[in-house]
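Participant: Take a look at this one; I'll ask things after.
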Amino acid sequence: MAQTNYTLDHLQQSLEIKDIPTEWEQVKAGLKEGFMFYVIDANGIILSTNSKFLERSEWTPKRVIGKSIWQLLPDEESSRHKGHQILQHLERGSVWQGSLEKCTKSGLSYWVQILAIPICDEDDTVQHSYIIEEEITDKKTMQTKLEEAAYVDLETGLLSRYKMEEIMKEQLTQKVEFTYVLLSIDKFYTLKELMNEQHEETLLHEFTQLLKKYFPDSEIGRMGRNEFALITPLSDWYIQGFSDFLKANPVYIEAKSVALSVSGSMTRYPDDQKTLHHIVEAAHNSLQRVKQQGGNLITTLPKDAHSKLSRRVEIEKELLIALDQQHLEVVYLPIIDTASKRVTSFEALVRWESDVLGQVSPEELIPIAEQTGLINDIGTFVLEKSCLQAADWHRQGYDIKVNVNLSVREFHDKNMARTVIKILQQTGCPANRLQIEITEKFALEAEAEKTIIEQMHALNREGVRFVLDDFGSGYASLRYLQLLPIESLKIDRVFIQAMTQNDKVMRLIKGMVSLGHSLQIRVLAEGIETEQQAKQLQAMGCDGLQGFHISKPLKVSELSAYFQ
Ligand code: C2E
Ligand code: MG
Ligand code: MG
C-alpha cells in the first residue's frame, strides 16, 4: 500500500497528465463512467456519487448525500474494523486498496474492489477522498461456492458457515436437540494489530486446535474472521468450562505465551429459539451483549430475553418492508393553548399496524429503530407527512403548528438541519409552523455535542421551535435549558397522573411552571385525562394542555372538527 500524500497534482503527475484541466477532466469522466464512484469528506460523510453507484447501492441521491459510509456497510464487527482501517488510511493521506463487503439500502450484500484516494490541500490536510469501486460479487460467490463444495473453511480447516447451517437445518428437520454456541476471541483485533499476518495464522491455528481438543465430538465451524461456532449436545456448564480450559492452556506465538479469553453465547434448540433464522440472530445478539459488557464470558440469555429477541428480529425485518412500502402512518394529538382556549398545534405520532405483528407501539418501535439506524427513515417519513399537513393548514389560512418528535440519533447526522430545511422547502411548510420535540435524554446528549447544538441553533434561526418533552422524567442537569434554544417544555405524564393524589407532586409541578416562566419558556402539560387535572394545571399557569381528556390521537380524516 502506498504511503504517499496525494494531492490532485500528484495524481495528475503520476498519471502523466500534462494538459490540466482538460485531460484530468477526461480521466475523471472515464473513471466515473467505468466504475462506481463517490466522494466522502474527512469524516466519511458522502458528498457526491455517480449514477452507477446509486444504481447498485439502491440509494437515491436525496437520501444518500450526507449519510456516512457506515450506512453502506453491514453491521458487523469485521466490516466496522475494515471501515475504520480505510478511514485511518485516508486520514493519513494514504491510498487504500482492497476488497470490501457492502450492503445495499435494503440490506443486500455485495462485494467490491476499492481504490480510495485522499485529496489533500497544500498543507497536506485531507479535504475529501475519491472512492472508486468495482463489483466483484461474482468472484466472491465463486470462491464461496468452492468453499461450500469443500464444506470447509480454507484457513482453519473447520467447517464452513454454509456447512454449519446445513447441519442445523438437518437437526431442526429431525427435531434433534442441540445448543448453538457462538464464540469470538476477546480483543482479537488488538491482538492482530500487535502481530504480523503470519502470527495471526498461528493464533487461528492454535485456537482451532484448542477448540478441537475441548470439544472433540461437536461440529465446529468458522463463521467469520473472528467468529467460531459449535453445534453440540453438551451441557451449559461443560461449554462454559472452555473459558477455564483456555486459561490453563495459553497459546504460544514465537515462544511467548498468550492467554486467550473468549466471549460466547449459547442458544438452545428447541428451548430458546425454534427456527434457523431466529437461532442465528439470537446467538449473534447475545454475543454482542456479552462483548458490550466486557467479554470473557460464555452465557445464555434468560427466557424472556429470548422471546423479546424473537419479536425484535421480526420487527426489524418487517419494519424494512413497512418503510419501503409506506405502511407507517401518522396520527395527530391536539394541543390546546390555555390563553385562547384554541387548538394551536398538533403533535404528530407515528403508528404502525403490521400485517404480521399487529399493532407495534412507538414505545417498542422507536428504541429498535434507534439501534438499527432505521430511526432516520422513520423521522424523515413523519417529518415529510406532518410538514405537508402543516403546509396544507397554512394554505387554508389556519395558524396551526405541527410538533414532530425527533430522536438524538437523527441529529448525530451532521446534515440533519439541512435535511429538515429541505423538507420544509419541498413541502411548502413555513419554518415557524414546525416545532421539534426532543426528550431530556436528547438534551443531555446534545449538551455534550457541539454539532448538535449548532444544528439546533441553525434551525432555530430559520424559525423552527424546540419543545423539551417528558420534562422531569429523570435527568437532573438543567444546563441544557441555557444552552439549547428551547421555547417550551412539556411536563412529563407521570407528574400529571400523580398530581391529584399527591400534594408534593402538585408543588413540584408549580415549581416547574415557575422555573419555565422565569426563563421565558412556555410550559405545557401532557397526559391530561380528567377535567380536574385540566382545571388545576390551568390555574397553575400552564400555557398548553394535551391528553386523552382533550382528545385521543386522531387520523387526518378525523381532524375536520378542528377546521370549520
Ligand atoms: P411523547 O412524545 O411524550 O408522546 C405522548 C405519548 O403519550 C403518545 O404515546 C400519546 O399517545 C400518549 N398520550 C397522550 N395523551 C395521553 C393521556 O392522556 N394518557 C396516556 N396514558 N397517554 C397519553 P405514543 O404515541 O405511544 O408515543 C410514545 C412515545 O414514542 C412518544 O412520547 C415519543 O417519545 C415517541 N414517538 C412517537 N412517535 C414518534 C416519532 O414519530 N418519532 C420519534 N422519534 N418518537 C416518537
Ligand atoms: Mg412528544
Ligand atoms: Mg412526552
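By convention here, the chains of the C-alpha cells are called A, B, ... in the order presented, each chain's residues are numbered starting at 1, and ligands are numbered starting at 1 in the order presented.
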Any idea what's packed within 10 Å of Ile375 (chain A), counting only C-alpha atoms, ignoring anything in its chain fewer than 6 positions away? Could you give it as a CSV table (one decimal) with N, CA, C and O atoms, in the first residue's frame?
Facilitator:
chain,number,residue,atom,x,y,z
A,365,LEU,N,-41.3,0.3,19.1
A,365,LEU,CA,-40.7,0.6,17.8
A,365,LEU,C,-39.5,1.5,17.8
A,365,LEU,O,-38.4,1.2,17.2
A,366,ILE,N,-39.6,2.6,18.5
A,366,ILE,CA,-38.6,3.7,18.5
A,366,ILE,C,-37.2,3.2,19.0
A,366,ILE,O,-36.2,3.4,18.3
A,367,PRO,N,-37.1,2.5,20.1
A,367,PRO,CA,-35.8,2.0,20.6
A,367,PRO,C,-35.1,1.1,19.6
A,367,PRO,O,-33.9,1.1,19.3
A,368,ILE,N,-35.9,0.2,19.0
A,368,ILE,CA,-35.4,-0.8,18.0
A,368,ILE,C,-34.9,0.0,16.8
A,368,ILE,O,-33.8,-0.2,16.2
A,369,ALA,N,-35.7,1.0,16.3
A,369,ALA,CA,-35.3,1.8,15.1
A,369,ALA,C,-34.1,2.6,15.4
A,369,ALA,O,-33.2,2.8,14.6
A,381,PHE,N,-39.9,10.2,7.3
A,381,PHE,CA,-41.2,9.9,6.9
A,381,PHE,C,-42.2,10.8,7.7
A,381,PHE,O,-43.1,11.5,7.1
A,406,LEU,N,-38.3,14.1,17.4
A,406,LEU,CA,-37.1,13.6,16.8
A,406,LEU,C,-36.2,13.0,17.8
A,406,LEU,O,-36.2,13.4,19.0
A,407,SER,N,-35.4,12.0,17.4
A,407,SER,CA,-34.5,11.4,18.3
A,407,SER,C,-33.1,11.9,18.2
A,407,SER,O,-32.7,12.4,17.1
A,408,VAL,N,-32.3,11.9,19.2
A,408,VAL,CA,-31.0,12.4,19.2
A,408,VAL,C,-30.1,11.7,18.2
A,408,VAL,O,-29.3,12.3,17.5
A,409,ARG,N,-30.4,10.5,17.9
A,409,ARG,CA,-29.7,9.7,16.9
A,409,ARG,C,-29.8,10.4,15.6
A,409,ARG,O,-28.8,10.4,14.8
A,410,GLU,N,-30.9,11.0,15.3
A,410,GLU,CA,-31.1,11.6,14.0
A,410,GLU,C,-30.2,12.9,13.9
A,410,GLU,O,-29.7,13.2,12.8
Participant: Name each residue within 9 Å of ligand 3, counting only C-alpha atoms and all ligand atoms, as a ChimeraX atom specification.
Facilitator: /A:437-439,468-471,490-493,525-527
Participant: Pull all heavy atoms from the residues just selected and write them as an mmCIF file, in the first residue's frame.
Facilitator:
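Written output follows (result32.cif):
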data_model
loop_
_atom_site.group_PDB
_atom_site.id
_atom_site.type_symbol
_atom_site.label_atom_id
_atom_site.label_comp_id
_atom_site.auth_asym_id
_atom_site.auth_seq_id
_atom_site.Cartn_x
_atom_site.Cartn_y
_atom_site.Cartn_z
ATOM 1 N N GLU A 437 -39.923 18.231 18.928
ATOM 2 C CA GLU A 437 -39.911 17.792 20.325
ATOM 3 C C GLU A 437 -38.703 16.901 20.564
ATOM 4 O O GLU A 437 -38.474 15.941 19.828
ATOM 5 C CB GLU A 437 -41.187 17.013 20.653
ATOM 6 C CG GLU A 437 -42.420 17.867 20.526
ATOM 7 C CD GLU A 437 -43.601 17.343 21.335
ATOM 8 O OE1 GLU A 437 -43.465 16.306 22.017
ATOM 9 O OE2 GLU A 437 -44.659 17.998 21.264
ATOM 10 N N ILE A 438 -37.918 17.269 21.572
ATOM 11 C CA ILE A 438 -36.773 16.441 21.922
ATOM 12 C C ILE A 438 -36.928 16.018 23.376
ATOM 13 O O ILE A 438 -37.522 16.737 24.169
ATOM 14 C CB ILE A 438 -35.444 17.203 21.735
ATOM 15 C CG1 ILE A 438 -35.416 18.446 22.627
ATOM 16 C CG2 ILE A 438 -35.238 17.608 20.285
ATOM 17 C CD1 ILE A 438 -34.063 19.069 22.765
ATOM 18 N N THR A 439 -36.425 14.850 23.702
ATOM 19 C CA THR A 439 -36.583 14.380 25.085
ATOM 20 C C THR A 439 -35.408 14.887 25.922
ATOM 21 O O THR A 439 -34.416 15.362 25.388
ATOM 22 C CB THR A 439 -36.586 12.842 25.146
ATOM 23 O OG1 THR A 439 -35.364 12.406 24.591
ATOM 24 C CG2 THR A 439 -37.757 12.265 24.411
ATOM 25 N N LEU A 468 -39.055 20.836 24.838
ATOM 26 C CA LEU A 468 -38.390 19.816 25.648
ATOM 27 C C LEU A 468 -39.463 18.901 26.219
ATOM 28 O O LEU A 468 -40.259 19.317 27.059
ATOM 29 C CB LEU A 468 -37.590 20.494 26.758
ATOM 30 C CG LEU A 468 -36.763 19.562 27.624
ATOM 31 C CD1 LEU A 468 -35.744 18.802 26.805
ATOM 32 C CD2 LEU A 468 -36.051 20.354 28.707
ATOM 33 N N ASP A 469 -39.472 17.655 25.684
ATOM 34 C CA ASP A 469 -40.526 16.697 26.005
ATOM 35 C C ASP A 469 -40.194 15.943 27.298
ATOM 36 O O ASP A 469 -39.034 15.908 27.710
ATOM 37 C CB ASP A 469 -40.592 15.695 24.835
ATOM 38 C CG ASP A 469 -41.947 15.038 24.710
ATOM 39 O OD1 ASP A 469 -42.768 15.199 25.616
ATOM 40 O OD2 ASP A 469 -42.173 14.362 23.689
ATOM 41 N N ASP A 470 -41.187 15.318 27.894
ATOM 42 C CA ASP A 470 -41.002 14.439 29.064
ATOM 43 C C ASP A 470 -40.183 15.128 30.157
ATOM 44 O O ASP A 470 -39.342 14.490 30.810
ATOM 45 C CB ASP A 470 -40.303 13.126 28.658
ATOM 46 C CG ASP A 470 -41.029 12.402 27.550
ATOM 47 O OD1 ASP A 470 -42.221 12.704 27.338
ATOM 48 O OD2 ASP A 470 -40.417 11.558 26.897
ATOM 49 N N PHE A 471 -40.428 16.416 30.357
ATOM 50 C CA PHE A 471 -39.617 17.188 31.313
ATOM 51 C C PHE A 471 -39.779 16.616 32.720
ATOM 52 O O PHE A 471 -40.887 16.332 33.165
ATOM 53 C CB PHE A 471 -40.035 18.663 31.288
ATOM 54 C CG PHE A 471 -39.161 19.525 32.160
ATOM 55 C CD1 PHE A 471 -37.851 19.787 31.801
ATOM 56 C CD2 PHE A 471 -39.633 20.059 33.346
ATOM 57 C CE1 PHE A 471 -37.031 20.563 32.602
ATOM 58 C CE2 PHE A 471 -38.829 20.838 34.160
ATOM 59 C CZ PHE A 471 -37.514 21.091 33.780
ATOM 60 N N LYS A 490 -42.419 20.445 28.237
ATOM 61 C CA LYS A 490 -43.656 19.703 28.430
ATOM 62 C C LYS A 490 -43.477 18.822 29.648
ATOM 63 O O LYS A 490 -42.615 17.939 29.655
ATOM 64 C CB LYS A 490 -43.875 18.834 27.198
ATOM 65 C CG LYS A 490 -45.302 18.598 26.847
ATOM 66 C CD LYS A 490 -45.379 17.599 25.731
ATOM 67 C CE LYS A 490 -45.756 18.238 24.426
ATOM 68 N NZ LYS A 490 -45.937 17.207 23.374
ATOM 69 N N ILE A 491 -44.252 19.090 30.699
ATOM 70 C CA ILE A 491 -44.111 18.326 31.946
ATOM 71 C C ILE A 491 -44.553 16.885 31.696
ATOM 72 O O ILE A 491 -45.620 16.638 31.123
ATOM 73 C CB ILE A 491 -44.957 18.946 33.074
ATOM 74 C CG1 ILE A 491 -44.520 20.410 33.286
ATOM 75 C CG2 ILE A 491 -44.850 18.151 34.356
ATOM 76 C CD1 ILE A 491 -45.380 21.172 34.262
ATOM 77 N N ASP A 492 -43.729 15.941 32.117
ATOM 78 C CA ASP A 492 -43.985 14.532 31.830
ATOM 79 C C ASP A 492 -45.306 14.047 32.423
ATOM 80 O O ASP A 492 -45.740 14.500 33.491
ATOM 81 C CB ASP A 492 -42.830 13.683 32.368
ATOM 82 C CG ASP A 492 -42.888 12.275 31.824
ATOM 83 O OD1 ASP A 492 -42.785 12.127 30.598
ATOM 84 O OD2 ASP A 492 -43.071 11.331 32.624
ATOM 85 N N ARG A 493 -45.884 13.087 31.691
ATOM 86 C CA ARG A 493 -47.175 12.499 32.050
ATOM 87 C C ARG A 493 -47.211 11.958 33.485
ATOM 88 O O ARG A 493 -48.220 12.038 34.158
ATOM 89 C CB ARG A 493 -47.416 11.369 31.063
ATOM 90 C CG ARG A 493 -48.786 10.891 30.974
ATOM 91 C CD ARG A 493 -48.942 10.079 29.714
ATOM 92 N NE ARG A 493 -48.355 8.749 29.838
ATOM 93 C CZ ARG A 493 -47.959 8.032 28.796
ATOM 94 N NH1 ARG A 493 -48.028 8.535 27.595
ATOM 95 N NH2 ARG A 493 -47.478 6.833 28.964
ATOM 96 N N ALA A 525 -48.406 20.783 29.545
ATOM 97 C CA ALA A 525 -48.587 19.568 30.339
ATOM 98 C C ALA A 525 -49.197 18.496 29.444
ATOM 99 O O ALA A 525 -50.064 18.802 28.625
ATOM 100 C CB ALA A 525 -49.501 19.856 31.517
ATOM 101 N N GLU A 526 -48.705 17.261 29.579
ATOM 102 C CA GLU A 526 -49.216 16.189 28.716
ATOM 103 C C GLU A 526 -49.804 15.063 29.553
ATOM 104 O O GLU A 526 -49.523 14.954 30.744
ATOM 105 C CB GLU A 526 -48.112 15.661 27.809
ATOM 106 C CG GLU A 526 -47.021 14.898 28.514
ATOM 107 C CD GLU A 526 -45.951 14.371 27.563
ATOM 108 O OE1 GLU A 526 -46.223 14.244 26.356
ATOM 109 O OE2 GLU A 526 -44.845 14.092 28.049
ATOM 110 N N GLY A 527 -50.662 14.253 28.918
ATOM 111 C CA GLY A 527 -51.239 13.103 29.614
ATOM 112 C C GLY A 527 -52.400 13.498 30.524
ATOM 113 O O GLY A 527 -52.645 12.849 31.539
#
Participant: I'd like the interatomic distance between CA of Phe242 (chain A) and CA of Phe188 (chain A), to a tenth of an Å.
Facilitator: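 One can read the CA of Phe242 (chain A) to CA of Phe188 (chain A) distance as 17.3 Å.
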Participant: Could you pull out the strand (DSSP E or B) residues of region 260-411 of chain A, going by DSSP on the backbone, and write them as a compact mmCIF listing (two decimals) with C-alpha atoms, in the first residue's frame?
Facilitator:
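out-v6.txt, freshly written:
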# COMPACT_ATOMS: atom_id res chain seq x y z
CA VAL A 262 -13.50 -15.69 24.65
CA SER A 263 -16.94 -14.17 24.62
CA GLY A 264 -19.67 -16.60 23.81
CA SER A 265 -23.40 -17.16 23.64
CA MET A 266 -25.34 -20.39 23.95
CA THR A 267 -28.69 -20.71 22.18
CA ARG A 268 -30.62 -23.91 22.76
CA TYR A 269 -32.92 -25.62 20.30
CA LEU A 297 -17.92 -14.88 29.46
CA ILE A 298 -19.92 -17.64 27.80
CA THR A 299 -23.53 -17.25 28.70
CA GLU A 329 -48.99 6.24 9.42
CA VAL A 330 -49.04 9.49 11.33
CA VAL A 331 -51.76 10.45 13.83
CA TYR A 332 -52.24 13.88 15.39
CA LEU A 333 -52.79 14.78 19.04
CA PRO A 334 -54.32 18.25 19.62
CA ILE A 335 -52.59 20.69 21.98
CA ILE A 336 -54.79 23.44 23.47
CA ASP A 337 -53.46 26.89 24.19
CA ARG A 342 -58.00 27.04 20.94
CA VAL A 343 -56.03 24.19 19.45
CA THR A 344 -52.87 25.85 18.25
CA SER A 345 -50.84 22.78 17.37
CA PHE A 346 -50.97 19.05 16.81
CA GLU A 347 -48.33 16.56 17.91
CA ALA A 348 -47.52 14.07 15.16
CA LEU A 349 -47.14 10.49 16.43
CA VAL A 350 -46.07 7.53 14.35
CA ARG A 351 -48.35 4.49 14.08
CA TRP A 352 -47.61 1.08 12.63
CA GLU A 353 -50.15 -1.69 12.18
CA SER A 354 -48.17 -4.59 10.74
CA GLY A 358 -50.22 -6.46 14.65
CA GLN A 359 -50.03 -3.03 16.29
CA VAL A 360 -46.41 -2.12 17.20
CA LYS A 401 -48.34 24.29 14.10
CA VAL A 402 -47.18 20.71 14.00
CA ASN A 403 -44.98 19.11 16.67
CA VAL A 404 -42.66 16.33 15.49
CA ASN A 405 -40.70 14.06 17.85
Participant: Under the rule that only C-alpha atoms and all ligand atoms are counted, which of A:Leu54, A:Leu383, A:Leu444, A:Ala255 is the nearest residue to ligand 1?
Facilitator: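 Closest to ligand 1 of all the choices is A:Leu383.
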Participant: Could you pull out all residues of region 82-232 of chain A with a DSSP call of helix (DSSP H, G or I) and give them as number ranges by chain?
Facilitator: A: 82-91, 137-150, 161-173, 188-194, 197-214
Participant: Between A:Thr141, A:Thr22, A:Ser184, A:Thr275, which residue has the minimum interatomic distance to Glu170 (chain A), considering only C-alpha atoms?
Facilitator: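 Smallest separation from Glu170 (chain A) among the options: A:Thr275.
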Participant: Which distance in Å separates CA of Ser129 (chain A) and CA of Ile117 (chain A), to one decimal?
Facilitator: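 Going from CA of Ser129 (chain A) over to CA of Ile117 (chain A) covers 5.4 Å.
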Participant: Could you list, as a PyMOL selection string, every residue within 10 Å of Gly294 (chain A), counting only C-alpha atoms and ignoring same-chain residues fewer than 4 positions away?
Facilitator: chain A and resi 186+263+289-290
Participant: Under the rule that only C-alpha atoms and all ligand atoms are counted, which of A:Lys535, A:His517, A:His327, A:Lys385 is the nearest residue to ligand 1?
Facilitator: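 Ranking A:Lys535, A:His517, A:His327, A:Lys385 by distance to ligand 1, first place goes to A:Lys385.
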Participant: Go through A:His284, A:Pro270, A:Ser307, A:Thr137 one by one, measure the shortest atom-to-atom distance of each to Lys175 (chain A) using only C-alpha atoms, and give the residue with the smallest value.
Facilitator: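 Nearest to Lys175 (chain A): A:Pro270.
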Participant: Env of region 36-45 of chain A: 9 Å cut, atoms = only C-alpha atoms, seq-sep filter 2 positions within chain, self excluded. Answer as an MDAnalysis selection string.
Facilitator: chainID A and resid 31:34 47:54 56 65:70 87 90:91 118 126:135 414
Participant: May I have the residues from that selection written out with N, CA, C and O atoms, as a tab-separated table (two decimals), in the first residue's frame?
Facilitator:
chain	number	residue	atom	x	y	z
A	31	LEU	N	-13.31	7.52	-15.30
A	31	LEU	CA	-13.45	6.75	-14.06
A	31	LEU	C	-14.91	6.67	-13.65
A	31	LEU	O	-15.42	5.63	-13.27
A	32	LYS	N	-15.58	7.82	-13.77
A	32	LYS	CA	-16.98	7.90	-13.36
A	32	LYS	C	-17.86	7.00	-14.21
A	32	LYS	O	-18.84	6.45	-13.76
A	33	GLU	N	-17.47	6.89	-15.49
A	33	GLU	CA	-18.30	6.11	-16.40
A	33	GLU	C	-18.08	4.61	-16.19
A	33	GLU	O	-18.99	3.81	-16.25
A	34	GLY	N	-16.82	4.27	-15.91
A	34	GLY	CA	-16.47	2.86	-15.85
A	34	GLY	C	-16.68	2.23	-14.48
A	34	GLY	O	-16.81	1.02	-14.37
A	47	LEU	N	-20.42	13.06	-0.06
A	47	LEU	CA	-20.67	14.40	-0.59
A	47	LEU	C	-21.30	14.34	-1.98
A	47	LEU	O	-22.13	15.18	-2.34
A	48	SER	N	-20.85	13.37	-2.80
A	48	SER	CA	-21.48	13.21	-4.12
A	48	SER	C	-21.23	11.79	-4.61
A	48	SER	O	-20.34	11.09	-4.10
A	49	THR	N	-22.02	11.36	-5.59
A	49	THR	CA	-21.89	10.00	-6.11
A	49	THR	C	-22.16	10.02	-7.60
A	49	THR	O	-22.71	11.01	-8.11
A	50	ASN	N	-21.82	8.95	-8.31
A	50	ASN	CA	-22.26	8.87	-9.70
A	50	ASN	C	-23.44	7.91	-9.80
A	50	ASN	O	-23.79	7.23	-8.81
A	51	SER	N	-24.03	7.81	-11.00
A	51	SER	CA	-25.27	7.04	-11.09
A	51	SER	C	-25.01	5.54	-10.96
A	51	SER	O	-25.86	4.81	-10.47
A	52	LYS	N	-23.83	5.09	-11.40
A	52	LYS	CA	-23.51	3.66	-11.27
A	52	LYS	C	-23.56	3.23	-9.80
A	52	LYS	O	-24.05	2.17	-9.46
A	53	PHE	N	-23.02	4.08	-8.93
A	53	PHE	CA	-23.03	3.79	-7.50
A	53	PHE	C	-24.48	3.75	-6.98
A	53	PHE	O	-24.87	2.85	-6.23
A	54	LEU	N	-25.27	4.75	-7.40
A	54	LEU	CA	-26.65	4.82	-6.90
A	54	LEU	C	-27.44	3.59	-7.33
A	54	LEU	O	-28.18	3.00	-6.54
A	56	ARG	N	-26.36	0.57	-8.03
A	56	ARG	CA	-26.00	-0.67	-7.35
A	56	ARG	C	-26.40	-0.64	-5.88
A	56	ARG	O	-26.85	-1.63	-5.31
A	65	ILE	N	-26.78	11.47	0.09
A	65	ILE	CA	-25.87	12.59	0.36
A	65	ILE	C	-26.01	12.97	1.83
A	65	ILE	O	-27.12	13.16	2.32
A	66	GLY	N	-24.88	13.04	2.51
A	66	GLY	CA	-24.94	13.39	3.93
A	66	GLY	C	-24.95	12.17	4.83
A	66	GLY	O	-24.77	12.28	6.03
A	67	LYS	N	-25.16	10.98	4.25
A	67	LYS	CA	-25.08	9.78	5.08
A	67	LYS	C	-23.60	9.46	5.28
A	67	LYS	O	-22.74	9.90	4.51
A	68	SER	N	-23.32	8.64	6.31
A	68	SER	CA	-21.91	8.29	6.48
A	68	SER	C	-21.66	6.94	5.84
A	68	SER	O	-22.60	6.17	5.62
A	69	ILE	N	-20.38	6.64	5.56
A	69	ILE	CA	-20.09	5.39	4.87
A	69	ILE	C	-20.49	4.18	5.70
A	69	ILE	O	-20.66	3.10	5.17
A	70	TRP	N	-20.66	4.38	7.02
A	70	TRP	CA	-21.07	3.23	7.86
A	70	TRP	C	-22.39	2.67	7.39
A	70	TRP	O	-22.67	1.49	7.55
A	87	LEU	N	-10.71	4.54	6.76
A	87	LEU	CA	-10.74	5.96	7.15
A	87	LEU	C	-9.41	6.40	7.75
A	87	LEU	O	-8.93	7.50	7.48
A	90	LEU	N	-6.96	6.98	4.96
A	90	LEU	CA	-7.25	8.21	4.22
A	90	LEU	C	-6.85	9.42	5.05
A	90	LEU	O	-6.30	10.39	4.54
A	91	GLU	N	-7.12	9.33	6.35
A	91	GLU	CA	-6.79	10.44	7.26
A	91	GLU	C	-5.29	10.74	7.21
A	91	GLU	O	-4.86	11.88	7.28
A	118	PRO	N	-7.17	9.77	-1.09
A	118	PRO	CA	-7.39	11.03	-0.37
A	118	PRO	C	-6.88	12.21	-1.20
A	118	PRO	O	-5.85	12.11	-1.86
A	126	VAL	N	-6.21	16.42	4.53
A	126	VAL	CA	-7.14	15.75	3.62
A	126	VAL	C	-8.43	16.54	3.53
A	126	VAL	O	-9.05	16.85	4.55
A	127	GLN	N	-8.81	16.92	2.32
A	127	GLN	CA	-10.04	17.68	2.11
A	127	GLN	C	-11.21	16.73	1.94
A	127	GLN	O	-12.23	16.84	2.57
A	128	HIS	N	-11.03	15.81	1.01
A	128	HIS	CA	-12.04	14.78	0.78
A	128	HIS	C	-11.36	13.60	0.11
A	128	HIS	O	-10.16	13.68	-0.18
A	129	SER	N	-12.08	12.52	-0.12
A	129	SER	CA	-11.46	11.35	-0.75
A	129	SER	C	-12.34	10.83	-1.86
A	129	SER	O	-13.58	10.86	-1.76
A	130	TYR	N	-11.69	10.35	-2.91
A	130	TYR	CA	-12.42	9.73	-4.02
A	130	TYR	C	-12.44	8.23	-3.78
A	130	TYR	O	-11.42	7.62	-3.49
A	131	ILE	N	-13.61	7.65	-3.90
A	131	ILE	CA	-13.71	6.20	-3.73
A	131	ILE	C	-14.16	5.60	-5.07
A	131	ILE	O	-15.22	5.97	-5.58
A	132	ILE	N	-13.32	4.74	-5.59
A	132	ILE	CA	-13.64	4.13	-6.88
A	132	ILE	C	-13.84	2.64	-6.64
A	132	ILE	O	-12.99	2.00	-6.01
A	133	GLU	N	-14.97	2.13	-7.11
A	133	GLU	CA	-15.30	0.74	-6.78
A	133	GLU	C	-15.65	-0.08	-8.00
A	133	GLU	O	-16.29	0.42	-8.93
A	134	GLU	N	-15.24	-1.35	-7.94
A	134	GLU	CA	-15.64	-2.28	-9.00
A	134	GLU	C	-16.28	-3.48	-8.32
A	134	GLU	O	-15.75	-3.99	-7.32
A	135	GLU	N	-17.40	-3.93	-8.85
A	135	GLU	CA	-18.07	-5.04	-8.17
A	135	GLU	C	-17.36	-6.36	-8.43
A	135	GLU	O	-16.95	-6.65	-9.55
A	414	LYS	N	-24.68	14.90	10.65
A	414	LYS	CA	-24.29	16.31	10.63
A	414	LYS	C	-25.16	17.16	9.69
A	414	LYS	O	-25.14	18.38	9.74
Participant: Glu281 (chain A): which residues within 10 Å, counting only C-alpha atoms, same-chain residues fewer than 5 positions away excluded, as a ChimeraX atom specification?
Facilitator: /A:267,273,275-276,286-287,309-310,312-313
Participant: Just the selected residues (N, CA, C and O atoms), exported as a short mmCIF file (atom, residue, chain, number, x, y, z; two decimals), in the first residue's frame, please.
Facilitator:
data_model
loop_
_atom_site.label_atom_id
_atom_site.label_comp_id
_atom_site.auth_asym_id
_atom_site.auth_seq_id
_atom_site.Cartn_x
_atom_site.Cartn_y
_atom_site.Cartn_z
N THR A 267 -27.27 -20.79 22.53
CA THR A 267 -28.69 -20.71 22.18
C THR A 267 -29.19 -22.14 21.98
O THR A 267 -28.64 -22.88 21.16
N GLN A 273 -34.92 -20.94 20.98
CA GLN A 273 -35.40 -20.49 19.66
C GLN A 273 -35.72 -21.69 18.80
O GLN A 273 -35.14 -22.76 19.00
N THR A 275 -36.37 -21.54 15.01
CA THR A 275 -36.04 -21.58 13.58
C THR A 275 -34.58 -21.20 13.38
O THR A 275 -33.98 -20.54 14.25
N LEU A 276 -34.04 -21.60 12.24
CA LEU A 276 -32.62 -21.32 11.97
C LEU A 276 -32.34 -19.82 12.05
O LEU A 276 -31.40 -19.38 12.71
N SER A 286 -26.94 -12.05 21.41
CA SER A 286 -26.48 -12.23 22.79
C SER A 286 -24.96 -12.18 22.86
O SER A 286 -24.42 -11.73 23.87
N LEU A 287 -24.29 -12.55 21.77
CA LEU A 287 -22.83 -12.41 21.77
C LEU A 287 -22.45 -10.92 21.85
O LEU A 287 -21.55 -10.53 22.59
N LEU A 309 -36.22 -11.09 22.00
CA LEU A 309 -35.32 -11.08 20.85
C LEU A 309 -36.03 -11.55 19.59
O LEU A 309 -35.87 -10.97 18.51
N SER A 310 -36.84 -12.62 19.74
CA SER A 310 -37.53 -13.14 18.54
C SER A 310 -38.44 -12.06 17.99
O SER A 310 -38.52 -11.85 16.78
N ARG A 312 -38.13 -8.89 18.39
CA ARG A 312 -37.26 -7.83 17.88
C ARG A 312 -36.77 -8.14 16.47
O ARG A 312 -36.80 -7.29 15.59
N VAL A 313 -36.37 -9.40 16.27
CA VAL A 313 -35.89 -9.83 14.95
C VAL A 313 -37.02 -9.65 13.92
O VAL A 313 -36.80 -9.14 12.81
#
Participant: Taking only C-alpha atoms into account, which of A:Thr372, A:Ser560, A:Thr530, A:Gln171 comes nearest Gln546 (chain A)?
Facilitator: A:Thr530
